[in-house]
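Note sheet for the following structure.
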Amino acid sequence: MRTRMKVPPGLPDTLRRGTINLSPAAAVALLSRLLRVALDVKLPIILVVLAAVASVPLVYLIRLKLRDWRISRALARTGTTLPPFWDGETFGNRDILEKAVERFKNGYIGDGFWDKIDELGHFHGIRILGEPAYLTNDASVVKSILATEFADFEKGEVFRDTMNSVLGVGVFNSDGEMWKFHRMMTRPYFSRDRISHFELFDRHTAIRKMKDRFRGGHAVDFQDVISRFTLDSATEFLFGACVNSLKSDLPYAHNDPVAPRFAREPNAAERFSVAFAGAQNVISMRMRTSWFWHIEELFHDRSGEHMRVVDEFLNPILEEAIAKNRAAKAQAQAGSNDKPNDDETLLDHLVKLTDDPVVLHDETLNILIAGRDTTAATLTFVVYLMALYPHVFQRLRAEVLEKVGPTQMPTFDDVRNMKYLRAVINETLRLYPIVPFNIRVAIRDTTLPNPTDPNGPRIFVPKGTPVSYSVFLMHRRKDYWGPDALHFDPERWLDERLNKYFTANPFIFVPFNAGPRICLGQQFAYNEMSFFLIRLLQNFSHVELDLSAQPPDARPPPEWASAEGQKGKEKVIPKAHLTLYVHGGLWVKMIEAEKDV
């Protein structure tokens, strides 16, 4: 199975950068030696040392000037322009970097690097120690990156290096032929409705676990419950081996009197879940500290211990699947059908295509992140918003009872016919998109639309320039969604605003990505979320937040209350690693529905 890298992830890049940046000093020392040997010229040692020290920043500045000169020639040749740049107050814009890291830890989603995005025209640049990067929340630019100019962009070497210790060579961390290979492997499995898996969702006991707690008068961390549900569903769906995280006891709130009596060591499923989130936190922080993370992890991989726990769960499953497939191949008749059947898991399908343990490990882990974290995050925020807006909860529950009934198992037709359910999910994804930030890197000199002057010169993007885009901020723009863009209102998906805004410009809403890399499991995610919400509303007639159960460090700062729109109404702290989540959990209480409704 996949062997964890023994070389700390920060070491290779640090050595590479050190070799490049110190090469001028080495050249000075070599020149001094050559002068002494060939011409018998002995330079004073202090002069050699000073020249060597001065050569490092001098050559660095020369490289920057040469890059700027090349870009200026390209601008003149192509008739393009550069975006406005945000300049800080300290050398290398260290102040911007430090503020961004602090805001990532303590601020609202989008604070930090994105503070100037509206002021600078929805597309601007930042240079951190001379390294340029572009940022945007413009739909036309996002459309170009993800679709029309897709061939000019990729995840990039920097992204792959940053994510490698967790995502490996999986579909979310690969480009080119490797990405096409992963896409080819998984596409057939997600290309059709898998009706049988509604029964899979129903086998897991999330709602029963919540009822037991609510009957005792205790609050429940819904984020924890739904993360267990999606983890159990995803592991059974993908691997045919459920991690059974719902079988262990749910946690009690910090202020619950019984909590000390039930304190215990986490079991294997809980350790897996915690490690899974911890590894994603590590690589997310790497992305926000530029290349500095290599120095911080020069001698130690911060994701290593997390991934050891993850591998303890995943590797035995992969080994069993590979062994089972090899045995089946030995008995199979020629001309057998490689198409997935209704009882086949994704892993069963993948091992037919490759028995490379690294590829299987990384691909299944990538799909597990997509299938578990994204759905759990969306359902957490749906329940959060229904607790904040009781009229939405009541209307949605009325639709459930009308279209499905109080106890019946929902069908695919039921889900397709529930317009308000889809509107609630979409509005949640608009305000809280699963992956709030993403990045692409130009693989050649190219151009992008100019948001500040659509009819003017396009923006020049030099080869190797990273372009970060924020779906989170794009989904909240008033010029895209109307004056109430910052407010939660599922009706916008049912009234005239749908055609006025979204239908006229579909790229203003891309919670599942877009273009060739659009999420293959999008429909599966909608089905799973719809199924769970239907079952939830069949069983409960009221939901409310229990803010007293929220940990003290997980409550919004007072200054948020004066903000416009949803930020001003927040009762929890939304955070993000690779995906969104609620800091400290979402503690709720619910009232069971009467059975004769």
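Letters for chains follow the order of the structure tokens (A, B, ...), residue numbers begin at 1 for each chain, and ligand numbers begin at 1 in the order shown.
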Spatial neighbours of Asn244 in chain A, max dist 7 Å, only C-alpha atoms, sep filter under 3 positions, as a list in words: Asp232, Lys247 and Ala269 of chain A
Long-range neighbours of Phe262 in chain A as JSON, numbers by chain, 9 Å cut-off, only C-alpha atoms, 3 positions minimum in chain: {"A": [249, 251, 252, 258, 259]}
Spatial neighbours of range 534-546 of chain A, 7 Å, only C-alpha atoms, chain gap at least 6 places, as a VMD selection string: chain A and resid 207 219 387 397 400 406 to 407 587 to 593
DSSP-assigned strand (DSSP E) among range 110-309 of chain A, expressed as a ChimeraX atom specification: /A:123-128,131-136,153-154,220-221
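Checking A:Leu246, A:Ala26, A:Val101, A:Leu64 one by one against Arg127 in chain A, counting only C-alpha atoms, you find the shortest gap at A:Leu64.
Those residues that approach Leu82 in chain A to within 8 Å, counting only C-alpha atoms, are Ile459, Phe460 and Val461 of chain A; same-chain residues fewer than 4 positions away are not listed.
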Mind running range 61-120 of chain A against range 132-154 of chain A at 9 Å and telling me each contacting residue's nearest atom pair with the distance in Å (one decimal), counting only C-alpha atoms, chain and number ascending, as CSV?
residue,atom,partner,partner_atom,distance
A:Pro83,CA,A:Tyr134,CA,8.1
A:Phe85,CA,A:Tyr134,CA,8.7
A:Phe113,CA,A:Leu135,CA,8.4
A:Trp114,CA,A:Leu135,CA,7.5
A:Ile117,CA,A:Thr136,CA,7.0
A:Asp118,CA,A:Asn137,CA,8.7
Requested write-out: N, CA, C and O atoms of the selected residues, as an mmCIF file, in the first residue's frame:
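Written output follows (selection31.cif):
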data_model
loop_
_atom_site.group_PDB
_atom_site.id
_atom_site.type_symbol
_atom_site.label_atom_id
_atom_site.label_comp_id
_atom_site.auth_asym_id
_atom_site.auth_seq_id
_atom_site.Cartn_x
_atom_site.Cartn_y
_atom_site.Cartn_z
ATOM 1 N N PRO A 83 -3.496 43.346 -14.304
ATOM 2 C CA PRO A 83 -4.515 43.777 -13.350
ATOM 3 C C PRO A 83 -3.901 44.742 -12.347
ATOM 4 O O PRO A 83 -2.668 44.799 -12.197
ATOM 5 N N PHE A 85 -2.524 45.910 -8.811
ATOM 6 C CA PHE A 85 -1.888 45.138 -7.749
ATOM 7 C C PHE A 85 -2.118 45.801 -6.397
ATOM 8 O O PHE A 85 -2.141 47.022 -6.279
ATOM 9 N N PHE A 113 -6.523 37.904 2.218
ATOM 10 C CA PHE A 113 -6.065 38.155 0.858
ATOM 11 C C PHE A 113 -7.143 38.801 -0.007
ATOM 12 O O PHE A 113 -6.841 39.469 -0.998
ATOM 13 N N TRP A 114 -8.425 38.590 0.353
ATOM 14 C CA TRP A 114 -9.526 39.012 -0.502
ATOM 15 C C TRP A 114 -10.128 40.356 -0.086
ATOM 16 O O TRP A 114 -11.149 40.767 -0.634
ATOM 17 N N ILE A 117 -10.802 42.865 -3.037
ATOM 18 C CA ILE A 117 -11.303 42.304 -4.297
ATOM 19 C C ILE A 117 -12.349 43.201 -4.948
ATOM 20 O O ILE A 117 -12.357 43.378 -6.175
ATOM 21 N N ASP A 118 -13.255 43.773 -4.166
ATOM 22 C CA ASP A 118 -14.267 44.660 -4.747
ATOM 23 C C ASP A 118 -13.658 45.999 -5.145
ATOM 24 O O ASP A 118 -13.941 46.528 -6.221
#
Write out, as a Markdown table, each residue of range 464-579 of chain A that has an atom at most 6 Å from range 426-444 of chain A, together with the closest pair of atoms and their distance in Å to one decimal, counting only C-alpha atoms, rows going by chain and rising number.
| residue | atom | partner | partner_atom | distance |
| --- | --- | --- | --- | --- |
| A:Gly464 | CA | A:Ala442 | CA | 5.2 |
| A:Thr465 | CA | A:Val441 | CA | 5.6 |
| A:Pro466 | CA | A:Val441 | CA | 4.2 |
| A:Val467 | CA | A:Arg440 | CA | 5.3 |
| A:Ser468 | CA | A:Ile439 | CA | 4.2 |
| A:Tyr469 | CA | A:Asn438 | CA | 5.5 |
| A:Ser470 | CA | A:Phe437 | CA | 4.5 |
| A:Val471 | CA | A:Pro436 | CA | 5.3 |
| A:Phe472 | CA | A:Pro436 | CA | 4.7 |
| A:His475 | CA | A:Arg430 | CA | 5.4 |
| A:Pro490 | CA | A:Glu427 | CA | 5.4 |
| A:Pro511 | CA | A:Pro433 | CA | 5.3 |
| A:Thr579 | CA | A:Val435 | CA | 4.8 |
Point-to-point distance from CA of Phe276 in chain A to CA of Gln523 in chain A, Å rounded to tenths: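 If I compute the distance from CA of Phe276 in chain A to CA of Gln523 in chain A, I get 24.2 Å.
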Phe239 in chain A environment, 10 Å, only C-alpha atoms, sequence neighbours closer than 3 positions dropped, as a PyMOL selection string: chain A and resi 233-236+242-243+314+317-318+321+344-349+364+368
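We find CA of Asn450 in chain A and CA of Phe123 in chain A to be spaced 7.9 Å apart.
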